[in-house]
>>> print(open('model-v8.csv').read())   # CSV, N, CA, C and O atoms
chain,number,residue,atom,x,y,z
M,6,MET,N,-34.8,-8.5,-0.4
M,6,MET,CA,-33.7,-9.5,-0.4
M,6,MET,C,-32.6,-9.0,0.5
M,6,MET,O,-32.0,-7.9,0.4
M,7,PRO,N,-32.2,-9.8,1.5
M,7,PRO,CA,-31.2,-9.4,2.5
M,7,PRO,C,-29.8,-9.5,1.8
M,7,PRO,O,-29.6,-10.3,0.9
M,8,LEU,N,-29.0,-8.6,2.3
M,8,LEU,CA,-27.6,-8.5,1.8
M,8,LEU,C,-26.8,-9.7,2.4
M,8,LEU,O,-26.9,-9.9,3.6
M,9,LEU,N,-26.1,-10.4,1.6
M,9,LEU,CA,-25.3,-11.4,2.2
M,9,LEU,C,-24.0,-10.8,2.7
M,9,LEU,O,-23.4,-9.9,2.1
M,10,PRO,N,-23.5,-11.3,3.9
M,10,PRO,CA,-22.3,-10.8,4.4
M,10,PRO,C,-21.1,-11.3,3.6
M,10,PRO,O,-21.0,-12.4,3.2
M,11,THR,N,-20.2,-10.3,3.3
M,11,THR,CA,-19.1,-10.7,2.5
M,11,THR,C,-17.8,-10.3,3.3
M,11,THR,O,-17.8,-9.5,4.1
M,12,LYS,N,-16.7,-11.0,3.0
M,12,LYS,CA,-15.5,-10.7,3.6
M,12,LYS,C,-14.9,-9.5,3.0
M,12,LYS,O,-15.1,-9.1,1.9
M,13,VAL,N,-14.1,-8.8,3.8
M,13,VAL,CA,-13.5,-7.5,3.4
M,13,VAL,C,-12.5,-7.8,2.3
M,13,VAL,O,-12.4,-7.1,1.3
M,14,SER,N,-11.8,-9.0,2.3
M,14,SER,CA,-10.9,-9.3,1.3
M,14,SER,C,-11.5,-9.5,0.0
M,14,SER,O,-10.9,-9.3,-1.1
M,15,ASP,N,-12.8,-9.9,-0.1
M,15,ASP,CA,-13.5,-10.1,-1.3
M,15,ASP,C,-13.8,-8.8,-2.0
M,15,ASP,O,-13.8,-8.7,-3.2
M,16,THR,N,-14.0,-7.7,-1.2
M,16,THR,CA,-14.3,-6.4,-1.8
M,16,THR,C,-13.0,-5.7,-2.2
M,16,THR,O,-13.0,-4.8,-3.1
M,17,ILE,N,-11.9,-6.0,-1.5
M,17,ILE,CA,-10.6,-5.2,-1.8
M,17,ILE,C,-9.8,-5.9,-2.9
M,17,ILE,O,-9.3,-5.1,-3.7
M,18,PHE,N,-9.7,-7.2,-2.9
M,18,PHE,CA,-8.8,-7.8,-3.8
M,18,PHE,C,-9.6,-8.4,-5.0
M,18,PHE,O,-10.7,-8.9,-4.8
M,19,PRO,N,-8.9,-8.5,-6.2
M,19,PRO,CA,-9.6,-9.2,-7.3
M,19,PRO,C,-9.7,-10.7,-7.0
M,19,PRO,O,-9.0,-11.3,-6.2
M,20,LYS,N,-10.7,-11.3,-7.7
M,20,LYS,CA,-11.1,-12.7,-7.4
M,20,LYS,C,-10.1,-13.7,-8.0
M,20,LYS,O,-9.9,-14.8,-7.4
M,21,GLU,N,-9.5,-13.4,-9.2
M,21,GLU,CA,-8.8,-14.5,-9.9
M,21,GLU,C,-7.4,-14.7,-9.3
M,21,GLU,O,-6.8,-15.8,-9.5
M,22,LEU,N,-6.8,-13.7,-8.7
M,22,LEU,CA,-5.4,-13.8,-8.2
M,22,LEU,C,-5.3,-14.0,-6.7
M,22,LEU,O,-6.2,-13.6,-6.0
M,23,PRO,N,-4.2,-14.6,-6.2
M,23,PRO,CA,-4.1,-14.8,-4.8
M,23,PRO,C,-4.0,-13.5,-4.0
M,23,PRO,O,-3.3,-12.6,-4.4
M,24,ASN,N,-4.6,-13.5,-2.9
M,24,ASN,CA,-4.6,-12.3,-2.0
M,24,ASN,C,-3.2,-12.0,-1.5
M,24,ASN,O,-2.9,-10.8,-1.2
M,25,GLY,N,-2.4,-13.1,-1.2
M,25,GLY,CA,-1.1,-12.9,-0.7
M,25,GLY,C,-0.2,-12.0,-1.6
M,25,GLY,O,0.7,-11.3,-1.1
M,26,LEU,N,-0.4,-12.1,-2.9
M,26,LEU,CA,0.3,-11.3,-3.9
M,26,LEU,C,0.1,-9.8,-3.6
M,26,LEU,O,1.0,-9.0,-3.6
M,27,PHE,N,-1.2,-9.4,-3.4
M,27,PHE,CA,-1.5,-8.0,-3.2
M,27,PHE,C,-1.1,-7.5,-1.8
M,27,PHE,O,-0.6,-6.4,-1.7
M,28,ILE,N,-1.2,-8.4,-0.9
M,28,ILE,CA,-0.7,-8.1,0.5
M,28,ILE,C,0.8,-7.8,0.5
M,28,ILE,O,1.3,-6.9,1.1
M,29,ALA,N,1.5,-8.7,-0.2
M,29,ALA,CA,3.0,-8.5,-0.3
M,29,ALA,C,3.3,-7.2,-1.0
M,29,ALA,O,4.3,-6.5,-0.6
M,30,LEU,N,2.6,-6.8,-2.1
M,30,LEU,CA,2.8,-5.6,-2.8
M,30,LEU,C,2.6,-4.4,-1.8
M,30,LEU,O,3.3,-3.4,-1.8
M,31,ILE,N,1.5,-4.4,-1.1
M,31,ILE,CA,1.2,-3.3,-0.1
M,31,ILE,C,2.3,-3.2,0.9
M,31,ILE,O,2.7,-2.1,1.3
M,32,ILE,N,2.7,-4.3,1.5
M,32,ILE,CA,3.7,-4.3,2.5
M,32,ILE,C,5.1,-3.8,1.9
M,32,ILE,O,5.8,-3.0,2.6
M,33,ALA,N,5.4,-4.2,0.7
M,33,ALA,CA,6.6,-3.8,0.1
M,33,ALA,C,6.6,-2.3,-0.2
M,33,ALA,O,7.6,-1.6,0.0
M,34,CYS,N,5.4,-1.7,-0.6
M,34,CYS,CA,5.3,-0.3,-0.7
M,34,CYS,C,5.4,0.5,0.6
M,34,CYS,O,6.1,1.5,0.6
M,35,LEU,N,4.8,-0.1,1.6
M,35,LEU,CA,4.9,0.6,2.9
M,35,LEU,C,6.4,0.6,3.4
M,35,LEU,O,6.9,1.6,4.0
M,36,LEU,N,7.1,-0.6,3.3
M,36,LEU,CA,8.5,-0.6,3.7
M,36,LEU,C,9.4,0.2,2.8
M,36,LEU,O,10.3,0.9,3.4
M,37,MET,N,9.1,0.3,1.5
M,37,MET,CA,10.0,1.2,0.7
M,37,MET,C,9.7,2.6,1.0
M,37,MET,O,10.6,3.5,0.8
M,38,GLY,N,8.5,2.9,1.4
M,38,GLY,CA,8.2,4.3,1.8
M,38,GLY,C,9.0,4.8,3.0
M,38,GLY,O,9.3,6.0,3.1
M,39,LEU,N,9.4,3.9,3.8
M,39,LEU,CA,10.2,4.2,5.0
M,39,LEU,C,11.6,4.6,4.6
M,39,LEU,O,12.3,5.1,5.4
M,40,ALA,N,12.0,4.5,3.3
M,40,ALA,CA,13.3,4.9,2.9
M,40,ALA,C,13.4,6.4,2.9
M,40,ALA,O,14.5,7.0,2.9
M,41,GLY,N,12.3,7.1,3.1
M,41,GLY,CA,12.4,8.6,3.2
M,41,GLY,C,13.0,9.0,4.5
M,41,GLY,O,13.4,10.2,4.7
M,42,LEU,N,13.2,8.1,5.5
M,42,LEU,CA,13.9,8.4,6.7
M,42,LEU,C,15.4,8.6,6.6
M,42,LEU,O,16.0,8.9,7.5
M,43,ARG,N,15.9,8.3,5.3
M,43,ARG,CA,17.3,8.5,5.1
M,43,ARG,C,17.7,10.0,5.2
M,43,ARG,O,18.8,10.4,5.3
M,44,HIS,N,16.7,10.9,5.1
M,44,HIS,CA,16.9,12.3,5.3
M,44,HIS,C,16.9,12.7,6.7
M,44,HIS,O,17.0,13.9,7.0
M,45,GLY,N,16.8,11.8,7.6
M,45,GLY,CA,16.8,12.1,9.1
M,45,GLY,C,15.5,11.6,9.7
M,45,GLY,O,14.5,11.4,9.0
M,46,THR,N,15.5,11.4,11.0
M,46,THR,CA,14.3,10.9,11.6
M,46,THR,C,13.4,12.1,12.1
M,46,THR,O,12.4,11.8,12.8
M,47,GLY,N,13.8,13.3,11.8
M,47,GLY,CA,13.0,14.4,12.3
M,47,GLY,C,11.7,14.6,11.4
M,47,GLY,O,11.3,13.7,10.7
M,48,LEU,N,11.2,15.8,11.4
M,48,LEU,CA,10.0,16.1,10.6
M,48,LEU,C,10.2,16.0,9.1
M,48,LEU,O,9.4,15.5,8.4
M,49,GLN,N,11.4,16.4,8.6
M,49,GLN,CA,11.7,16.3,7.2
M,49,GLN,C,11.6,14.8,6.7
M,49,GLN,O,11.1,14.5,5.7
M,50,GLY,N,12.2,13.9,7.5
M,50,GLY,CA,12.2,12.5,7.2
M,50,GLY,C,10.8,11.9,7.1
M,50,GLY,O,10.5,11.2,6.2
M,51,TRP,N,10.0,12.3,8.1
M,51,TRP,CA,8.6,11.7,8.1
M,51,TRP,C,7.8,12.3,7.1
M,51,TRP,O,6.9,11.7,6.6
M,52,LEU,N,8.0,13.6,6.7
M,52,LEU,CA,7.3,14.2,5.6
M,52,LEU,C,7.6,13.5,4.3
M,52,LEU,O,6.8,13.2,3.4
M,53,ASN,N,8.9,13.1,4.1
M,53,ASN,CA,9.3,12.3,2.9
M,53,ASN,C,8.6,10.9,2.9
M,53,ASN,O,8.2,10.4,1.9
M,54,VAL,N,8.5,10.3,4.1
M,54,VAL,CA,7.9,9.0,4.2
M,54,VAL,C,6.4,9.1,3.8
M,54,VAL,O,5.9,8.3,3.0
M,55,ILE,N,5.7,10.1,4.3
M,55,ILE,CA,4.3,10.3,4.0
M,55,ILE,C,4.1,10.6,2.5
M,55,ILE,O,3.2,10.1,1.8
M,56,GLU,N,5.1,11.4,1.9
M,56,GLU,CA,5.0,11.7,0.5
M,56,GLU,C,5.2,10.4,-0.3
M,56,GLU,O,4.5,10.2,-1.3
M,57,ASN,N,6.1,9.5,0.1
M,57,ASN,CA,6.3,8.3,-0.6
M,57,ASN,C,5.1,7.4,-0.5
M,57,ASN,O,4.7,6.8,-1.5
M,58,TRP,N,4.5,7.3,0.7
M,58,TRP,CA,3.3,6.5,0.8
M,58,TRP,C,2.1,7.0,0.0
M,58,TRP,O,1.4,6.2,-0.6
M,59,LEU,N,1.9,8.3,0.0
M,59,LEU,CA,0.9,8.9,-0.9
M,59,LEU,C,1.1,8.6,-2.3
M,59,LEU,O,0.2,8.3,-3.1
M,60,LEU,N,2.4,8.7,-2.7
M,60,LEU,CA,2.7,8.5,-4.1
M,60,LEU,C,2.4,7.1,-4.5
M,60,LEU,O,1.8,6.8,-5.6
M,61,MET,N,2.9,6.1,-3.7
M,61,MET,CA,2.8,4.7,-4.0
M,61,MET,C,1.4,4.1,-3.8
M,61,MET,O,1.0,3.2,-4.5
M,62,LEU,N,0.7,4.5,-2.8
M,62,LEU,CA,-0.5,3.9,-2.4
M,62,LEU,C,-1.8,4.6,-2.9
M,62,LEU,O,-2.9,4.1,-2.8
M,63,LEU,N,-1.6,5.9,-3.3
M,63,LEU,CA,-2.8,6.6,-3.7
M,63,LEU,C,-2.7,7.3,-5.0
M,63,LEU,O,-3.5,7.1,-5.9
M,64,ILE,N,-1.7,8.1,-5.3
M,64,ILE,CA,-1.6,9.0,-6.5
M,64,ILE,C,-1.5,8.2,-7.7
M,64,ILE,O,-2.3,8.3,-8.7
M,65,PHE,N,-0.4,7.4,-7.8
M,65,PHE,CA,-0.2,6.6,-9.0
M,65,PHE,C,-1.3,5.6,-9.3
M,65,PHE,O,-1.8,5.5,-10.4
M,66,PRO,N,-1.8,4.8,-8.3
M,66,PRO,CA,-2.8,3.9,-8.6
M,66,PRO,C,-4.2,4.5,-9.0
M,66,PRO,O,-4.8,4.0,-9.9
M,67,VAL,N,-4.5,5.6,-8.3
M,67,VAL,CA,-5.8,6.3,-8.7
M,67,VAL,C,-5.7,6.9,-10.1
M,67,VAL,O,-6.6,6.8,-10.9
M,68,ALA,N,-4.5,7.4,-10.4
M,68,ALA,CA,-4.3,8.0,-11.8
M,68,ALA,C,-4.4,6.9,-12.8
M,68,ALA,O,-5.0,7.1,-13.9
M,69,THR,N,-3.9,5.7,-12.5
M,69,THR,CA,-3.9,4.6,-13.5
M,69,THR,C,-5.4,4.1,-13.6
M,69,THR,O,-5.8,3.8,-14.8
M,70,ALA,N,-6.1,4.0,-12.5
M,70,ALA,CA,-7.5,3.6,-12.6
M,70,ALA,C,-8.3,4.6,-13.3
M,70,ALA,O,-9.3,4.3,-14.1
M,71,ALA,N,-8.0,5.9,-13.2
M,71,ALA,CA,-8.8,7.0,-13.8
M,71,ALA,C,-8.6,6.9,-15.4
M,71,ALA,O,-9.5,7.1,-16.1
M,72,VAL,N,-7.3,6.6,-15.8
M,72,VAL,CA,-7.1,6.5,-17.2
M,72,VAL,C,-7.8,5.3,-17.8
M,72,VAL,O,-8.2,5.3,-18.9
M,73,ALA,N,-8.0,4.2,-17.0
M,73,ALA,CA,-8.6,3.0,-17.4
M,73,ALA,C,-10.2,3.1,-17.4
M,73,ALA,O,-10.8,2.1,-17.8
M,74,LEU,N,-10.7,4.1,-16.9
M,74,LEU,CA,-12.2,4.2,-16.8
M,74,LEU,C,-12.9,4.1,-18.2
M,74,LEU,O,-14.0,3.5,-18.2
M,75,PRO,N,-12.4,4.6,-19.3
M,75,PRO,CA,-13.1,4.3,-20.6
M,75,PRO,C,-13.1,2.8,-20.9
M,75,PRO,O,-14.1,2.4,-21.6
M,76,PHE,N,-12.1,2.0,-20.5
M,76,PHE,CA,-12.2,0.6,-20.7
M,76,PHE,C,-13.3,0.0,-19.9
M,76,PHE,O,-14.0,-0.9,-20.4
M,77,LYS,N,-13.5,0.5,-18.7
M,77,LYS,CA,-14.7,0.0,-17.9
M,77,LYS,C,-16.0,0.4,-18.5
M,77,LYS,O,-17.0,-0.4,-18.5
M,78,TYR,N,-16.1,1.5,-19.1
M,78,TYR,CA,-17.3,2.0,-19.8
M,78,TYR,C,-17.6,1.1,-21.0
M,78,TYR,O,-18.8,0.7,-21.2
M,79,ARG,N,-16.6,0.7,-21.7
M,79,ARG,CA,-16.8,-0.1,-22.9
M,79,ARG,C,-17.0,-1.6,-22.6
M,79,ARG,O,-17.8,-2.3,-23.2
M,80,ASP,N,-16.3,-2.1,-21.6
M,80,ASP,CA,-16.4,-3.5,-21.2
M,80,ASP,C,-16.8,-3.6,-19.7
M,80,ASP,O,-15.9,-3.4,-18.8
M,81,PRO,N,-18.0,-3.9,-19.4
M,81,PRO,CA,-18.5,-4.0,-18.0
M,81,PRO,C,-17.8,-5.0,-17.1
M,81,PRO,O,-17.7,-4.9,-15.9
M,82,THR,N,-17.1,-6.0,-17.8
M,82,THR,CA,-16.5,-7.1,-17.0
M,82,THR,C,-15.0,-6.6,-16.6
M,82,THR,O,-14.4,-7.4,-15.9
M,83,PHE,N,-14.6,-5.5,-17.1
M,83,PHE,CA,-13.2,-5.0,-16.8
M,83,PHE,C,-13.2,-4.7,-15.3
M,83,PHE,O,-14.0,-4.0,-14.8
M,84,GLU,N,-12.1,-5.1,-14.6
M,84,GLU,CA,-12.0,-4.9,-13.2
M,84,GLU,C,-11.0,-3.7,-13.0
M,84,GLU,O,-9.8,-3.8,-13.3
M,85,LEU,N,-11.5,-2.7,-12.4
M,85,LEU,CA,-10.7,-1.5,-12.0
M,85,LEU,C,-9.7,-1.8,-10.9
M,85,LEU,O,-8.7,-1.2,-10.7
M,86,LYS,N,-10.1,-2.8,-10.1
M,86,LYS,CA,-9.2,-3.2,-9.0
M,86,LYS,C,-7.8,-3.6,-9.5
M,86,LYS,O,-6.8,-3.3,-8.9
M,87,LEU,N,-7.8,-4.4,-10.6
M,87,LEU,CA,-6.6,-4.8,-11.2
M,87,LEU,C,-5.7,-3.6,-11.7
M,87,LEU,O,-4.5,-3.6,-11.6
M,88,THR,N,-6.4,-2.6,-12.3
M,88,THR,CA,-5.6,-1.4,-12.7
M,88,THR,C,-5.1,-0.6,-11.5
M,88,THR,O,-4.1,0.0,-11.6
M,89,TYR,N,-5.9,-0.6,-10.4
M,89,TYR,CA,-5.4,0.0,-9.2
M,89,TYR,C,-4.1,-0.6,-8.8
M,89,TYR,O,-3.1,0.1,-8.5
M,90,TYR,N,-4.1,-2.0,-8.7
M,90,TYR,CA,-2.9,-2.7,-8.2
M,90,TYR,C,-1.8,-2.6,-9.3
M,90,TYR,O,-0.6,-2.6,-8.9
M,91,LEU,N,-2.1,-2.5,-10.5
M,91,LEU,CA,-1.1,-2.2,-11.6
M,91,LEU,C,-0.4,-0.9,-11.3
M,91,LEU,O,0.8,-0.8,-11.4
M,92,GLY,N,-1.2,0.1,-11.0
M,92,GLY,CA,-0.7,1.4,-10.7
M,92,GLY,C,0.2,1.4,-9.5
M,92,GLY,O,1.2,2.1,-9.4
M,93,MET,N,-0.2,0.6,-8.5
M,93,MET,CA,0.6,0.5,-7.3
M,93,MET,C,2.0,-0.2,-7.6
M,93,MET,O,3.0,0.2,-7.1
M,94,PHE,N,1.9,-1.2,-8.5
M,94,PHE,CA,3.2,-1.8,-8.9
M,94,PHE,C,4.1,-0.9,-9.7
M,94,PHE,O,5.3,-0.9,-9.5
M,95,VAL,N,3.5,-0.1,-10.6
M,95,VAL,CA,4.2,0.9,-11.4
M,95,VAL,C,4.9,1.9,-10.4
M,95,VAL,O,6.0,2.3,-10.6
M,96,ALA,N,4.1,2.4,-9.4
M,96,ALA,CA,4.6,3.3,-8.4
M,96,ALA,C,5.8,2.7,-7.6
M,96,ALA,O,6.8,3.3,-7.3
M,97,PHE,N,5.7,1.4,-7.3
M,97,PHE,CA,6.7,0.7,-6.6
M,97,PHE,C,8.0,0.7,-7.5
M,97,PHE,O,9.1,0.9,-7.0
M,98,LEU,N,7.9,0.4,-8.8
M,98,LEU,CA,9.0,0.4,-9.7
M,98,LEU,C,9.6,1.8,-9.8
M,98,LEU,O,10.8,2.0,-9.8
M,99,PHE,N,8.7,2.8,-9.9
M,99,PHE,CA,9.2,4.2,-10.0
M,99,PHE,C,10.0,4.6,-8.7
M,99,PHE,O,11.0,5.2,-8.8
M,100,THR,N,9.5,4.2,-7.6
M,100,THR,CA,10.1,4.6,-6.3
M,100,THR,C,11.5,3.8,-6.2
M,100,THR,O,12.4,4.4,-5.7
M,101,LEU,N,11.5,2.6,-6.7
M,101,LEU,CA,12.7,1.8,-6.7
M,101,LEU,C,13.8,2.5,-7.5
M,101,LEU,O,14.9,2.7,-7.1
M,102,ALA,N,13.4,3.0,-8.7
M,102,ALA,CA,14.3,3.7,-9.5
M,102,ALA,C,14.7,5.1,-8.9
M,102,ALA,O,15.8,5.5,-9.0
M,103,LYS,N,13.7,5.7,-8.3
M,103,LYS,CA,14.0,7.0,-7.7
M,103,LYS,C,15.0,6.9,-6.5
M,103,LYS,O,15.9,7.7,-6.4
M,104,LEU,N,14.9,5.8,-5.7
M,104,LEU,CA,15.8,5.6,-4.6
M,104,LEU,C,17.2,5.2,-5.2
M,104,LEU,O,18.2,5.5,-4.5
M,105,ARG,N,17.2,4.6,-6.3
M,105,ARG,CA,18.5,4.2,-6.8
M,105,ARG,C,19.3,5.4,-7.5
M,105,ARG,O,20.5,5.5,-7.3
M,106,TYR,N,18.6,6.3,-8.2
M,106,TYR,CA,19.3,7.3,-9.0
M,106,TYR,C,19.2,8.7,-8.4
M,106,TYR,O,20.1,9.5,-8.7
M,107,TRP,N,18.2,9.0,-7.7
M,107,TRP,CA,18.0,10.4,-7.2
M,107,TRP,C,18.7,10.4,-5.8
M,107,TRP,O,18.6,9.6,-5.0
M,108,ARG,N,19.3,11.5,-5.6
M,108,ARG,CA,20.0,11.7,-4.2
M,108,ARG,C,19.3,12.8,-3.5
M,108,ARG,O,18.8,13.7,-3.9
>>> encode(input="model-v8.csv", output="structure tokens")
Amino acid sequence: MPLLPTKVSDTIFPKELPNGLFIALIIACLLMGLAGLRHGTGLQGWLNVIENWLLMLLIFPVATAAVALPFKYRDPTFELKLTYYLGMFVAFLFTLAKLRYWR
């Protein structure tokens, strides 16, 4: 049976929700990550930007999806993509609070 070609957006984004919502979340995380440049445009500033991007786009979402793995085991229809984007949204809110209160 030949494999049917699929769009990349079908494999990355959940099916029920609009793709523009997730694209906007990713762009917002990338732009908020650039707030690390407030420490200067040198090496320290770019290291802060990379740290923010890793936190928002990788660490929080993967941790959220890892915590949700038992739900996937129990219910095969559970979408881990949604929990990944939920983790990205939580990281976005955390970074927003971090930028507001931490100096």
>>> residues_around(input="model-v8.csv", residues="segment 84-97 of chain M", least_positions_apart="4", cutoff="4.5 Å", atoms="only N, CA, C and O atoms", output="list in words")
Met61, Phe65, Pro66 and Leu101 of chain M
>>> closest_residue(input="model-v8.csv", among="M:Ala29, M:Cys34, M:Ala40, M:Leu74", to="Leu60 of chain M", atoms="only C-alpha atoms")
M:Cys34
>>> select_by_dssp(input="model-v8.csv", residues="chain M", states="alpha helix (DSSP H)", output="number ranges by chain")
M: 13-17, 24-38, 48-59, 65-72, 74-79, 85-106
>>> residues_around(input="model-v8.csv", residues="Gly41 of chain M", least_positions_apart="6", cutoff="6 Å", atoms="only N, CA, C and O atoms", output="list in words")
Gln49, Gly50, Trp51, Asn53 and Val54 of chain M
>>> atom_distance(input="model-v8.csv", atom1="atom N of Leu52 of chain M", atom2="atom N of Met37 of chain M")
14.3 Å
>>> atom_distance(input="model-v8.csv", atom1="atom CA of Leu59 of chain M", atom2="atom CA of Leu35 of chain M")
10.0 Å
>>> closest_residue(input="model-v8.csv", among="M:Leu62, M:Ala71, M:Ile55, M:Leu98", to="Ile32 of chain M", atoms="only C-alpha atoms")
M:Leu62
>>> atom_distance(input="model-v8.csv", atom1="atom CA of Glu21 of chain M", atom2="atom N of Phe83 of chain M")
12.9 Å
